[in-house]
file entry.cif (mmCIF, C-alpha atoms and all ligand atoms)
data_start
loop_
_atom_site.label_atom_id
_atom_site.label_comp_id
_atom_site.auth_asym_id
_atom_site.auth_seq_id
_atom_site.Cartn_x
_atom_site.Cartn_y
_atom_site.Cartn_z
CA MET D 78 0.00 0.00 0.00
CA LYS D 79 1.14 3.52 -0.77
CA GLU D 80 2.73 5.43 2.08
CA ILE D 81 2.85 9.21 2.49
CA ARG D 82 5.96 10.90 3.90
CA LEU D 83 5.13 13.50 6.56
CA ASN D 84 7.06 16.76 7.07
CA ASN D 85 9.24 15.12 9.76
CA GLY D 86 10.17 12.09 7.58
CA VAL D 87 7.77 9.61 9.26
CA THR D 88 5.69 7.60 6.78
CA ILE D 89 1.99 6.74 7.08
CA PRO D 90 -0.13 4.26 5.07
CA GLN D 91 -2.49 6.27 2.86
CA ILE D 92 -5.46 4.07 3.80
CA GLY D 93 -6.30 3.73 7.48
CA PHE D 94 -9.20 2.13 9.34
CA GLY D 95 -11.61 4.54 11.08
CA THR D 96 -12.80 3.20 14.42
CA TYR D 97 -15.47 5.72 15.44
CA LYS D 98 -18.52 3.62 16.44
CA ALA D 99 -16.82 0.59 14.86
CA THR D 100 -16.58 -1.24 18.16
CA THR D 101 -20.04 -0.44 19.54
CA ALA D 102 -21.54 -3.87 18.88
CA ASP D 103 -18.66 -6.35 18.65
CA GLY D 104 -15.83 -4.60 20.49
CA TYR D 105 -12.22 -5.34 19.62
CA GLU D 106 -13.10 -8.13 17.16
CA VAL D 107 -14.10 -5.59 14.50
CA VAL D 108 -10.66 -4.02 14.74
CA LEU D 109 -9.09 -7.48 14.61
CA ASP D 110 -11.11 -8.14 11.43
CA ALA D 111 -9.74 -4.92 9.94
CA ILE D 112 -6.19 -5.97 10.80
CA ARG D 113 -6.80 -9.41 9.25
CA SER D 114 -8.14 -7.65 6.13
CA GLY D 115 -4.79 -5.87 5.84
CA TYR D 116 -5.15 -2.55 7.68
CA ARG D 117 -2.05 -1.47 9.60
CA HIS D 118 -3.09 2.15 10.15
CA LEU D 119 -5.79 2.54 12.83
CA ASP D 120 -7.49 5.81 13.78
CA THR D 121 -8.93 6.13 17.29
CA ALA D 122 -9.53 8.92 19.82
CA ALA D 123 -10.15 9.33 23.54
CA LEU D 124 -13.68 10.40 22.63
CA TYR D 125 -14.45 7.10 20.83
CA GLU D 126 -13.93 5.22 24.11
CA ASN D 127 -12.38 2.30 22.23
CA GLU D 128 -8.63 2.76 22.71
CA GLU D 129 -8.63 -0.42 24.85
CA ASP D 130 -10.29 -2.36 22.01
CA VAL D 131 -7.75 -1.03 19.50
CA GLY D 132 -4.82 -1.94 21.75
CA ARG D 133 -6.23 -5.41 22.41
CA ALA D 134 -6.79 -6.10 18.70
CA VAL D 135 -3.21 -5.06 17.90
CA ARG D 136 -1.83 -7.38 20.60
CA GLU D 137 -4.07 -10.32 19.68
CA SER D 138 -3.15 -10.00 16.00
CA GLY D 139 0.33 -11.22 16.89
CA ILE D 140 1.78 -8.68 14.45
CA PRO D 141 4.69 -6.62 15.88
CA ARG D 142 3.68 -3.19 17.20
CA ASP D 143 6.14 -1.41 14.91
CA GLU D 144 4.25 -2.65 11.83
CA PHE D 145 1.26 -0.52 12.89
CA PHE D 146 0.57 3.17 12.60
CA ILE D 147 -1.69 4.18 15.52
CA THR D 148 -3.40 7.56 15.80
CA SER D 149 -5.22 8.88 18.85
CA LYS D 150 -6.63 12.31 19.66
CA LEU D 151 -6.85 14.73 22.54
CA ALA D 152 -10.52 15.45 23.24
CA ARG D 153 -11.80 19.03 22.96
CA TYR D 154 -12.91 19.02 26.62
CA ALA D 155 -9.30 18.41 27.70
CA LEU D 156 -7.42 21.27 26.04
CA GLY D 157 -4.65 22.92 28.12
CA TYR D 158 -1.10 22.00 29.17
CA GLU D 159 -1.65 19.80 32.23
CA ASN D 160 -4.79 18.20 30.79
CA THR D 161 -2.92 17.25 27.63
CA LYS D 162 -0.11 15.54 29.52
CA ARG D 163 -2.62 13.66 31.68
CA GLU D 164 -4.88 12.67 28.76
CA PHE D 165 -1.93 11.46 26.71
CA GLU D 166 -0.84 9.14 29.54
CA ALA D 167 -4.43 7.90 29.87
CA SER D 168 -4.65 7.12 26.13
CA LEU D 169 -1.31 5.33 26.17
CA LYS D 170 -2.43 3.24 29.15
CA LYS D 171 -5.72 2.30 27.52
CA LEU D 172 -3.95 1.36 24.30
CA GLY D 173 -1.40 -0.63 26.34
CA MET D 174 1.38 0.86 24.19
CA GLU D 175 4.67 2.62 24.84
CA TYR D 176 4.25 5.25 22.13
CA ILE D 177 1.64 6.64 19.75
CA ASP D 178 2.52 7.20 16.10
CA LEU D 179 0.31 10.25 15.64
CA TYR D 180 -1.40 12.35 18.32
CA LEU D 181 -3.86 15.02 17.20
CA ILE D 182 -5.76 17.87 18.83
CA HIS D 183 -9.25 16.60 17.98
CA TRP D 184 -10.98 20.02 17.69
CA PRO D 185 -9.46 23.50 18.00
CA ARG D 186 -12.05 24.75 20.48
CA PRO D 187 -14.00 23.37 23.43
CA ASP D 188 -17.59 22.49 22.61
CA TYR D 189 -19.96 25.26 21.58
CA GLY D 190 -21.47 26.64 24.78
CA ASP D 191 -18.54 25.53 27.00
CA HIS D 192 -17.37 28.31 29.33
CA ASP D 193 -13.90 28.12 27.72
CA PHE D 194 -15.20 28.31 24.13
CA ASP D 195 -13.68 31.81 23.60
CA ASN D 196 -10.41 30.90 25.32
CA TRP D 197 -9.32 28.57 22.48
CA GLU D 198 -6.22 30.47 21.33
CA LYS D 199 -4.49 30.10 24.70
CA LEU D 200 -5.72 26.53 25.26
CA ASP D 201 -4.51 25.36 21.83
CA MET D 202 -1.06 26.86 22.40
CA GLU D 203 -0.80 25.17 25.81
CA SER D 204 -1.84 21.79 24.42
CA TRP D 205 0.59 22.15 21.57
CA ARG D 206 3.47 22.97 23.95
CA ALA D 207 2.69 19.78 25.89
CA MET D 208 2.55 17.77 22.66
CA GLU D 209 5.83 19.25 21.44
CA GLU D 210 7.49 18.08 24.66
CA LEU D 211 6.05 14.56 24.32
CA TYR D 212 7.18 14.50 20.69
CA GLU D 213 10.69 15.63 21.58
CA GLU D 214 10.84 12.94 24.30
CA GLY D 215 10.11 10.36 21.57
CA ARG D 216 6.75 9.28 23.00
CA ILE D 217 4.85 10.41 19.89
CA ARG D 218 6.31 9.98 16.39
CA ALA D 219 4.31 12.83 14.82
CA ILE D 220 1.94 15.49 16.15
CA GLY D 221 -0.91 17.16 14.35
CA VAL D 222 -4.38 18.64 14.47
CA SER D 223 -7.90 17.94 13.34
CA ASN D 224 -10.70 20.24 12.21
CA PHE D 225 -8.32 23.22 12.15
CA LEU D 226 -9.25 26.06 9.79
CA PRO D 227 -6.60 28.58 8.64
CA HIS D 228 -7.12 30.96 11.59
CA HIS D 229 -6.70 28.09 14.07
CA LEU D 230 -3.49 26.97 12.34
CA GLU D 231 -2.12 30.53 12.23
CA ASN D 232 -2.60 30.85 15.98
CA LEU D 233 -0.93 27.51 16.65
CA MET D 234 2.07 28.12 14.44
CA LYS D 235 2.70 31.68 15.68
CA ASN D 236 4.80 30.63 18.66
CA SER D 237 5.46 26.94 18.13
CA ARG D 238 8.62 24.97 17.41
CA VAL D 239 7.00 22.07 15.54
CA THR D 240 4.72 22.48 12.50
CA PRO D 241 1.77 20.07 12.58
CA ALA D 242 2.40 17.00 10.40
CA ILE D 243 -1.30 16.38 9.66
CA ASN D 244 -4.63 18.18 9.59
CA GLN D 245 -7.52 15.66 9.73
CA LEU D 246 -10.64 17.23 8.18
CA GLU D 247 -14.10 16.14 7.08
CA LEU D 248 -13.53 15.63 3.35
CA HIS D 249 -15.57 13.80 0.74
CA PRO D 250 -17.34 14.59 -2.54
CA GLY D 251 -19.73 17.42 -1.72
CA TYR D 252 -17.59 18.80 1.13
CA LEU D 253 -14.04 19.70 0.14
CA GLN D 254 -12.97 22.50 2.54
CA LYS D 255 -10.65 23.92 -0.13
CA GLU D 256 -9.42 26.87 1.92
CA ALA D 257 -8.33 24.70 4.86
CA VAL D 258 -6.76 22.10 2.56
CA ASP D 259 -4.80 24.69 0.53
CA PHE D 260 -3.61 26.55 3.62
CA SER D 261 -2.45 23.31 5.26
CA ARG D 262 -0.62 22.13 2.17
CA ASP D 263 1.05 25.53 1.70
CA HIS D 264 2.60 24.93 5.13
CA GLY D 265 3.70 21.35 4.45
CA ILE D 266 0.83 19.79 6.43
CA GLU D 267 -0.59 16.53 5.01
CA ILE D 268 -4.35 16.06 4.81
CA GLU D 269 -6.38 13.20 6.25
CA ALA D 270 -10.02 12.79 5.23
CA TRP D 271 -12.49 11.85 7.95
CA SER D 272 -15.90 10.53 6.91
CA PRO D 273 -14.40 9.89 3.44
CA ILE D 274 -17.67 8.18 2.44
CA GLY D 275 -19.69 11.01 4.01
CA ARG D 276 -20.86 8.49 6.63
CA ALA D 277 -23.04 6.91 3.92
CA ARG D 278 -25.01 10.14 3.35
CA LEU D 279 -23.88 10.34 -0.29
CA MET D 280 -25.23 7.03 -1.57
CA ASN D 281 -28.21 8.60 -3.38
CA GLU D 282 -26.39 11.48 -5.08
CA PRO D 283 -27.31 11.20 -8.82
CA LEU D 284 -23.92 12.46 -10.08
CA LEU D 285 -22.02 9.96 -7.92
CA ILE D 286 -24.33 7.12 -8.96
CA GLU D 287 -23.81 7.99 -12.65
CA ILE D 288 -20.01 8.14 -12.38
CA SER D 289 -19.77 5.03 -10.18
CA GLU D 290 -21.79 3.05 -12.76
CA LYS D 291 -19.36 4.12 -15.49
CA TYR D 292 -16.47 2.50 -13.55
CA GLY D 293 -18.57 -0.44 -12.30
CA ILE D 294 -17.93 0.38 -8.63
CA SER D 295 -20.05 1.37 -5.62
CA VAL D 296 -20.61 5.01 -4.67
CA ALA D 297 -18.65 4.32 -1.48
CA ARG D 298 -15.63 3.15 -3.46
CA LEU D 299 -15.93 6.10 -5.85
CA CYS D 300 -15.76 8.49 -2.89
CA LEU D 301 -12.62 6.75 -1.61
CA CYS D 302 -10.97 6.71 -5.07
CA PHE D 303 -11.74 10.41 -5.43
CA ASP D 304 -10.20 11.20 -2.03
CA LEU D 305 -7.07 9.15 -2.77
CA GLN D 306 -6.59 10.80 -6.15
CA SER D 307 -6.95 14.16 -4.41
CA GLY D 308 -3.89 13.13 -2.37
CA PHE D 309 -5.72 12.67 0.94
CA ILE D 310 -4.99 9.98 3.51
CA ILE D 311 -8.34 8.23 4.06
CA LEU D 312 -9.90 6.61 7.14
CA PRO D 313 -12.98 4.64 6.04
CA LYS D 314 -14.91 2.84 8.77
CA SER D 315 -16.89 -0.37 8.27
CA THR D 316 -18.07 -3.17 10.50
CA HIS D 317 -18.36 -5.56 7.53
CA ARG D 318 -15.36 -7.61 6.47
CA GLU D 319 -16.17 -7.50 2.72
CA ARG D 320 -16.50 -3.70 2.86
CA MET D 321 -13.25 -3.39 4.80
CA GLU D 322 -11.55 -5.32 2.00
CA GLU D 323 -13.32 -3.34 -0.75
CA ASN D 324 -12.24 -0.07 0.85
CA LEU D 325 -8.62 -1.20 1.04
CA ARG D 326 -8.67 -1.73 -2.72
CA ALA D 327 -9.78 1.84 -3.43
CA ASP D 328 -6.41 2.64 -4.99
CA GLU D 329 -6.92 0.13 -7.84
CA ILE D 330 -9.27 2.40 -9.83
CA ASN D 331 -8.18 5.45 -11.80
CA ILE D 332 -10.85 8.17 -12.11
CA GLU D 333 -10.46 10.20 -15.30
CA GLU D 334 -9.63 13.88 -14.89
CA GLU D 335 -12.95 14.97 -16.41
CA ASP D 336 -14.87 12.95 -13.80
CA MET D 337 -12.65 14.27 -10.99
CA GLN D 338 -13.54 17.81 -12.13
CA ARG D 339 -17.27 17.02 -12.22
CA ILE D 340 -17.12 15.66 -8.66
CA MET D 341 -15.07 18.66 -7.50
CA SER D 342 -17.71 21.05 -8.76
CA MET D 343 -20.78 19.24 -7.42
CA HIS D 344 -23.09 20.98 -4.92
CA GLN D 345 -22.55 20.69 -1.15
CA ALA D 346 -23.73 17.29 0.04
CA GLY D 347 -23.21 14.84 2.89
CA TRP D 348 -21.84 17.40 5.37
CA SER D 349 -22.01 16.22 9.00
CA GLY D 350 -23.14 19.65 10.21
CA GLU D 351 -20.08 19.92 12.47
CA HIS D 352 -18.04 23.14 12.40
CA PRO D 353 -15.27 24.03 14.86
CA ASP D 354 -16.51 27.57 15.50
CA ARG D 355 -20.25 26.98 15.53
CA GLU D 356 -22.99 24.95 17.06
CA THR D 357 -23.51 21.60 15.30
CA ILE D 358 -26.38 21.60 12.79
CA LYS D 359 -28.24 18.30 12.44
CA PRO D 360 -28.01 17.30 8.74
N1 LIG T 401 -11.39 14.00 13.47
C1 LIG T 401 -12.70 13.99 13.58
O1 LIG T 401 -13.33 14.93 14.07
C2 LIG T 401 -13.45 12.80 13.07
C3 LIG T 401 -14.85 12.86 12.99
C4 LIG T 401 -15.52 11.75 12.49
C5 LIG T 401 -14.80 10.63 12.08
N2 LIG T 401 -13.43 10.59 12.20
C6 LIG T 401 -12.65 9.40 11.79
O2 LIG T 401 -12.96 9.07 10.44
C7 LIG T 401 -13.43 7.73 10.37
C8 LIG T 401 -14.42 7.51 9.24
O3 LIG T 401 -15.50 8.39 9.34
P1 LIG T 401 -17.00 7.91 9.64
O4 LIG T 401 -16.92 6.67 10.45
O5 LIG T 401 -17.70 9.07 10.19
O6 LIG T 401 -17.63 7.67 8.23
P2 LIG T 401 -17.28 6.98 6.81
O7 LIG T 401 -16.08 6.12 6.91
O8 LIG T 401 -17.33 8.05 5.79
O9 LIG T 401 -18.58 6.10 6.58
C9 LIG T 401 -18.88 5.01 7.38
C10 LIG T 401 -20.23 4.48 6.92
O10 LIG T 401 -20.13 3.99 5.58
C11 LIG T 401 -20.51 2.61 5.52
N3 LIG T 401 -19.58 1.96 4.59
C12 LIG T 401 -18.26 1.75 4.75
N4 LIG T 401 -17.72 1.15 3.68
C13 LIG T 401 -18.74 0.94 2.81
C14 LIG T 401 -18.83 0.34 1.53
N5 LIG T 401 -17.74 -0.15 0.93
N6 LIG T 401 -20.05 0.30 0.92
C15 LIG T 401 -21.14 0.81 1.52
N7 LIG T 401 -21.11 1.39 2.74
C16 LIG T 401 -19.92 1.46 3.38
C17 LIG T 401 -20.38 2.11 6.95
O11 LIG T 401 -21.31 1.08 7.20
P3 LIG T 401 -20.92 -0.30 7.95
O12 LIG T 401 -20.08 0.03 9.14
O13 LIG T 401 -22.27 -0.85 8.31
O14 LIG T 401 -20.21 -1.14 6.93
C18 LIG T 401 -20.75 3.36 7.75
O15 LIG T 401 -22.16 3.50 7.81
C19 LIG T 401 -14.03 7.50 11.77
O16 LIG T 401 -14.27 6.15 12.05
C20 LIG T 401 -12.99 8.16 12.62
O17 LIG T 401 -11.87 7.32 12.78
C21 LIG T 401 -12.76 11.66 12.68
#
call {"tool": "encode", "arguments": {"input": "entry.cif", "output": "structure tokens"}}
result
Amino acid sequence: MKEIRLNNGVTIPQIGFGTYKATTADGYEVVLDAIRSGYRHLDTAALYENEEDVGRAVRESGIPRDEFFITSKLARYALGYENTKREFEASLKKLGMEYIDLYLIHWPRPDYGDHDFDNWEKLDMESWRAMEELYEEGRIRAIGVSNFLPHHLENLMKNSRVTPAINQLELHPGYLQKEAVDFSRDHGIEIEAWSPIGRARLMNEPLLIEISEKYGISVARLCLCFDLQSGFIILPKSTHRERMEENLRADEINIEEEDMQRIMSMHQAGWSGEHPDRETIKP
């Protein structure tokens, strides 16, 4: 599988397995299925409450830890220097690991309505300072952010030593966040796409159905092919083994430039309704 080289030289498999709500019914066995399907890059977060399942699946797979790329995230309710250090230790303990490959600030601000919502600039800087220290101690191989728009990144990079390696954003046909993607790339920050299938909200889009039929693939796979060809690292989630395998093969199809352009210019669709600076809108 293709690997992407981050701005600090660390490499990451371009296709990872998303674990949000993946373990709700069957726990760690879903993650073990993903590993058996061939995934070595696993995306979790403190908020998903499944770091223990991810760690257990990695151990039970019998595959050496250093063959995996494990991401976890600092929850938005735990921003700040001391909180970050404490939360990182908690994540590591739940994973049962000695290091994390990639640690991200999950959202740039506390939740909408939280008393610290307007204090985000200071909180982000404090968290980042804690993450820089953990990175320099060798306990994290790369540090990054998620859901950061240009003004959040500008604040973070103003007084920091380490440039984020990754910005993980909601990205799929119908929601391309061009400004955030371009700004990140201009600063050497790689892009990861969360909800690369639009959490299955794109399945009935006529344009995507038409183009997917032309290539003889599902709409889900078309979304993933489009994201890969856009240069994004993707994190599809599925609880079904055959879909896990299908999603891993997303790099086998080549979408013609004309179809890429048509998808790029489609109307907004499949957005989760989540925005870092605003209240969530139910889609
Ligand atoms: N940083 C953030 O703020 C953030 C936010 C959200 C998500 N994420 C990360 O991104 C990952 C993926 O996002 P997501 O879970 O929201 O959504 P997603 O991967 O876009 O979509 C998952 C949905 O698509 C279905 N699906 C998967 N493969 C399919 C296929 N080949 N054919 C048809 N349907 C298919 C799944 O159903 P089944 O499970 O039933 O197969 C599930 O309903 C998460 O798991 C998480 O790791 C990060």
call {"tool": "atom_distance", "arguments": {"input": "entry.cif", "atom1": "atom CA of Leu285 of chain D", "atom2": "atom C14 of ligand LIG 401 (chain T)"}}
result
13.9 Å
call {"tool": "closest_residue", "arguments": {"input": "entry.cif", "among": "D:Lys98, D:His228, D:Arg153, D:Lys359", "to": "Asp188 of chain D", "atoms": "all atoms listed in the file"}}
result
D:Arg153
call {"tool": "residues_near_ligand", "arguments": {"input": "entry.cif", "ligand": "ligand LIG 401 (chain T)", "cutoff": "6 Å", "atoms": "only C-alpha atoms and all ligand atoms", "output": "ChimeraX atom specification"}}
result
/D:95-97,120-121,183,223,245,271-277,297-298,312-317,320,323-324
call {"tool": "residues_around", "arguments": {"input": "entry.cif", "residues": "Ile220 of chain D", "least_positions_apart": "4", "cutoff": "8 Å", "atoms": "only C-alpha atoms", "output": "MDAnalysis selection string"}}
result
chainID D and resid 179:181 208:209 212 241:243
call {"tool": "residues_around", "arguments": {"input": "entry.cif", "residues": "Phe165 of chain D", "least_positions_apart": "5", "cutoff": "9 Å", "atoms": "all atoms listed in the file", "output": "MDAnalysis selection string"}}
result
chainID D and resid 149:151 160 170 180 208 211
call {"tool": "atom_distance", "arguments": {"input": "entry.cif", "atom1": "atom CA of Val108 of chain D", "atom2": "atom CA of Glu137 of chain D"}}
result
10.4 Å
call {"tool": "atom_distance", "arguments": {"input": "entry.cif", "atom1": "atom CA of Leu83 of chain D", "atom2": "atom CA of Glu351 of chain D"}}
result
26.7 Å
call {"tool": "decode", "arguments": {"input": "entry.cif", "residues": "segment 170-206 of chain D", "atoms": "N, CA and C atoms", "output": "JSON list (two decimals), in the first residue's frame"}}
result
[["chain", "number", "residue", "atom", "x", "y", "z"],
["D", 170, "LYS", "N", -2.11, 4.33, 28.23],
["D", 170, "LYS", "CA", -2.43, 3.24, 29.15],
["D", 170, "LYS", "C", -3.56, 2.39, 28.59],
["D", 171, "LYS", "N", -4.59, 3.06, 28.07],
["D", 171, "LYS", "CA", -5.72, 2.30, 27.52],
["D", 171, "LYS", "C", -5.29, 1.49, 26.30],
["D", 172, "LEU", "N", -4.45, 2.08, 25.48],
["D", 172, "LEU", "CA", -3.95, 1.36, 24.30],
["D", 172, "LEU", "C", -3.01, 0.22, 24.71],
["D", 173, "GLY", "N", -2.39, 0.36, 25.88],
["D", 173, "GLY", "CA", -1.40, -0.63, 26.34],
["D", 173, "GLY", "C", -0.15, -0.56, 25.48],
["D", 174, "MET", "N", 0.23, 0.67, 25.08],
["D", 174, "MET", "CA", 1.38, 0.86, 24.19],
["D", 174, "MET", "C", 2.41, 1.78, 24.84],
["D", 175, "GLU", "N", 3.63, 1.75, 24.27],
["D", 175, "GLU", "CA", 4.67, 2.62, 24.84],
["D", 175, "GLU", "C", 4.80, 3.92, 24.08],
["D", 176, "TYR", "N", 4.22, 3.99, 22.90],
["D", 176, "TYR", "CA", 4.25, 5.25, 22.13],
["D", 176, "TYR", "C", 3.03, 5.28, 21.22],
["D", 177, "ILE", "N", 2.71, 6.48, 20.74],
["D", 177, "ILE", "CA", 1.64, 6.64, 19.75],
["D", 177, "ILE", "C", 2.29, 7.21, 18.49],
["D", 178, "ASP", "N", 1.89, 6.71, 17.34],
["D", 178, "ASP", "CA", 2.52, 7.20, 16.10],
["D", 178, "ASP", "C", 2.10, 8.63, 15.78],
["D", 179, "LEU", "N", 0.81, 8.91, 15.97],
["D", 179, "LEU", "CA", 0.31, 10.25, 15.64],
["D", 179, "LEU", "C", -0.69, 10.66, 16.71],
["D", 180, "TYR", "N", -0.47, 11.84, 17.30],
["D", 180, "TYR", "CA", -1.40, 12.35, 18.32],
["D", 180, "TYR", "C", -1.92, 13.69, 17.81],
["D", 181, "LEU", "N", -3.24, 13.81, 17.79],
["D", 181, "LEU", "CA", -3.86, 15.02, 17.20],
["D", 181, "LEU", "C", -4.68, 15.77, 18.24],
["D", 182, "ILE", "N", -4.74, 17.09, 18.11],
["D", 182, "ILE", "CA", -5.76, 17.87, 18.83],
["D", 182, "ILE", "C", -7.06, 17.65, 18.05],
["D", 183, "HIS", "N", -8.06, 17.06, 18.69],
["D", 183, "HIS", "CA", -9.25, 16.60, 17.98],
["D", 183, "HIS", "C", -10.06, 17.76, 17.37],
["D", 184, "TRP", "N", -10.27, 18.82, 18.15],
["D", 184, "TRP", "CA", -10.98, 20.02, 17.69],
["D", 184, "TRP", "C", -10.27, 21.24, 18.27],
["D", 185, "PRO", "N", -10.23, 22.34, 17.51],
["D", 185, "PRO", "CA", -9.46, 23.50, 18.00],
["D", 185, "PRO", "C", -10.10, 24.25, 19.14],
["D", 186, "ARG", "N", -11.37, 24.01, 19.41],
["D", 186, "ARG", "CA", -12.05, 24.75, 20.48],
["D", 186, "ARG", "C", -12.83, 23.78, 21.35],
["D", 187, "PRO", "N", -13.05, 24.16, 22.62],
["D", 187, "PRO", "CA", -14.00, 23.37, 23.43],
["D", 187, "PRO", "C", -15.36, 23.40, 22.74],
["D", 188, "ASP", "N", -16.25, 22.57, 23.21],
["D", 188, "ASP", "CA", -17.59, 22.49, 22.61],
["D", 188, "ASP", "C", -18.29, 23.83, 22.62],
["D", 189, "TYR", "N", -19.14, 24.05, 21.61],
["D", 189, "TYR", "CA", -19.96, 25.26, 21.58],
["D", 189, "TYR", "C", -20.76, 25.34, 22.89],
["D", 190, "GLY", "N", -20.72, 26.50, 23.52],
["D", 190, "GLY", "CA", -21.47, 26.64, 24.78],
["D", 190, "GLY", "C", -20.62, 26.38, 26.02],
["D", 191, "ASP", "N", -19.44, 25.76, 25.86],
["D", 191, "ASP", "CA", -18.54, 25.53, 27.00],
["D", 191, "ASP", "C", -18.02, 26.89, 27.50],
["D", 192, "HIS", "N", -17.80, 27.00, 28.81],
["D", 192, "HIS", "CA", -17.37, 28.31, 29.33],
["D", 192, "HIS", "C", -16.01, 28.73, 28.78],
["D", 193, "ASP", "N", -15.22, 27.79, 28.27],
["D", 193, "ASP", "CA", -13.90, 28.12, 27.72],
["D", 193, "ASP", "C", -13.91, 28.25, 26.19],
["D", 194, "PHE", "N", -15.09, 28.29, 25.59],
["D", 194, "PHE", "CA", -15.20, 28.31, 24.13],
["D", 194, "PHE", "C", -14.37, 29.45, 23.51],
["D", 195, "ASP", "N", -14.39, 30.65, 24.17],
["D", 195, "ASP", "CA", -13.68, 31.81, 23.60],
["D", 195, "ASP", "C", -12.21, 31.86, 24.01],
["D", 196, "ASN", "N", -11.78, 30.90, 24.81],
["D", 196, "ASN", "CA", -10.41, 30.90, 25.32],
["D", 196, "ASN", "C", -9.51, 29.97, 24.48],
["D", 197, "TRP", "N", -9.97, 29.62, 23.27],
["D", 197, "TRP", "CA", -9.32, 28.57, 22.48],
["D", 197, "TRP", "C", -7.88, 28.88, 22.09],
["D", 198, "GLU", "N", -7.57, 30.18, 21.82],
["D", 198, "GLU", "CA", -6.22, 30.47, 21.33],
["D", 198, "GLU", "C", -5.17, 30.05, 22.36],
["D", 199, "LYS", "N", -5.42, 30.43, 23.61],
["D", 199, "LYS", "CA", -4.49, 30.10, 24.70],
["D", 199, "LYS", "C", -4.46, 28.58, 24.95],
["D", 200, "LEU", "N", -5.64, 27.98, 24.98],
["D", 200, "LEU", "CA", -5.72, 26.53, 25.26],
["D", 200, "LEU", "C", -4.99, 25.71, 24.18],
["D", 201, "ASP", "N", -5.19, 26.09, 22.92],
["D", 201, "ASP", "CA", -4.51, 25.36, 21.83],
["D", 201, "ASP", "C", -3.00, 25.46, 21.97],
["D", 202, "MET", "N", -2.52, 26.67, 22.28],
["D", 202, "MET", "CA", -1.06, 26.86, 22.40],
["D", 202, "MET", "C", -0.51, 26.01, 23.55],
["D", 203, "GLU", "N", -1.27, 25.95, 24.65],
["D", 203, "GLU", "CA", -0.80, 25.17, 25.81],
["D", 203, "GLU", "C", -0.76, 23.68, 25.47],
["D", 204, "SER", "N", -1.82, 23.21, 24.80],
["D", 204, "SER", "CA", -1.84, 21.79, 24.42],
["D", 204, "SER", "C", -0.69, 21.48, 23.49],
["D", 205, "TRP", "N", -0.47, 22.39, 22.55],
["D", 205, "TRP", "CA", 0.59, 22.15, 21.57],
["D", 205, "TRP", "C", 1.96, 22.09, 22.23],
["D", 206, "ARG", "N", 2.19, 22.98, 23.22],
["D", 206, "ARG", "CA", 3.47, 22.97, 23.95],
["D", 206, "ARG", "C", 3.66, 21.61, 24.63]]
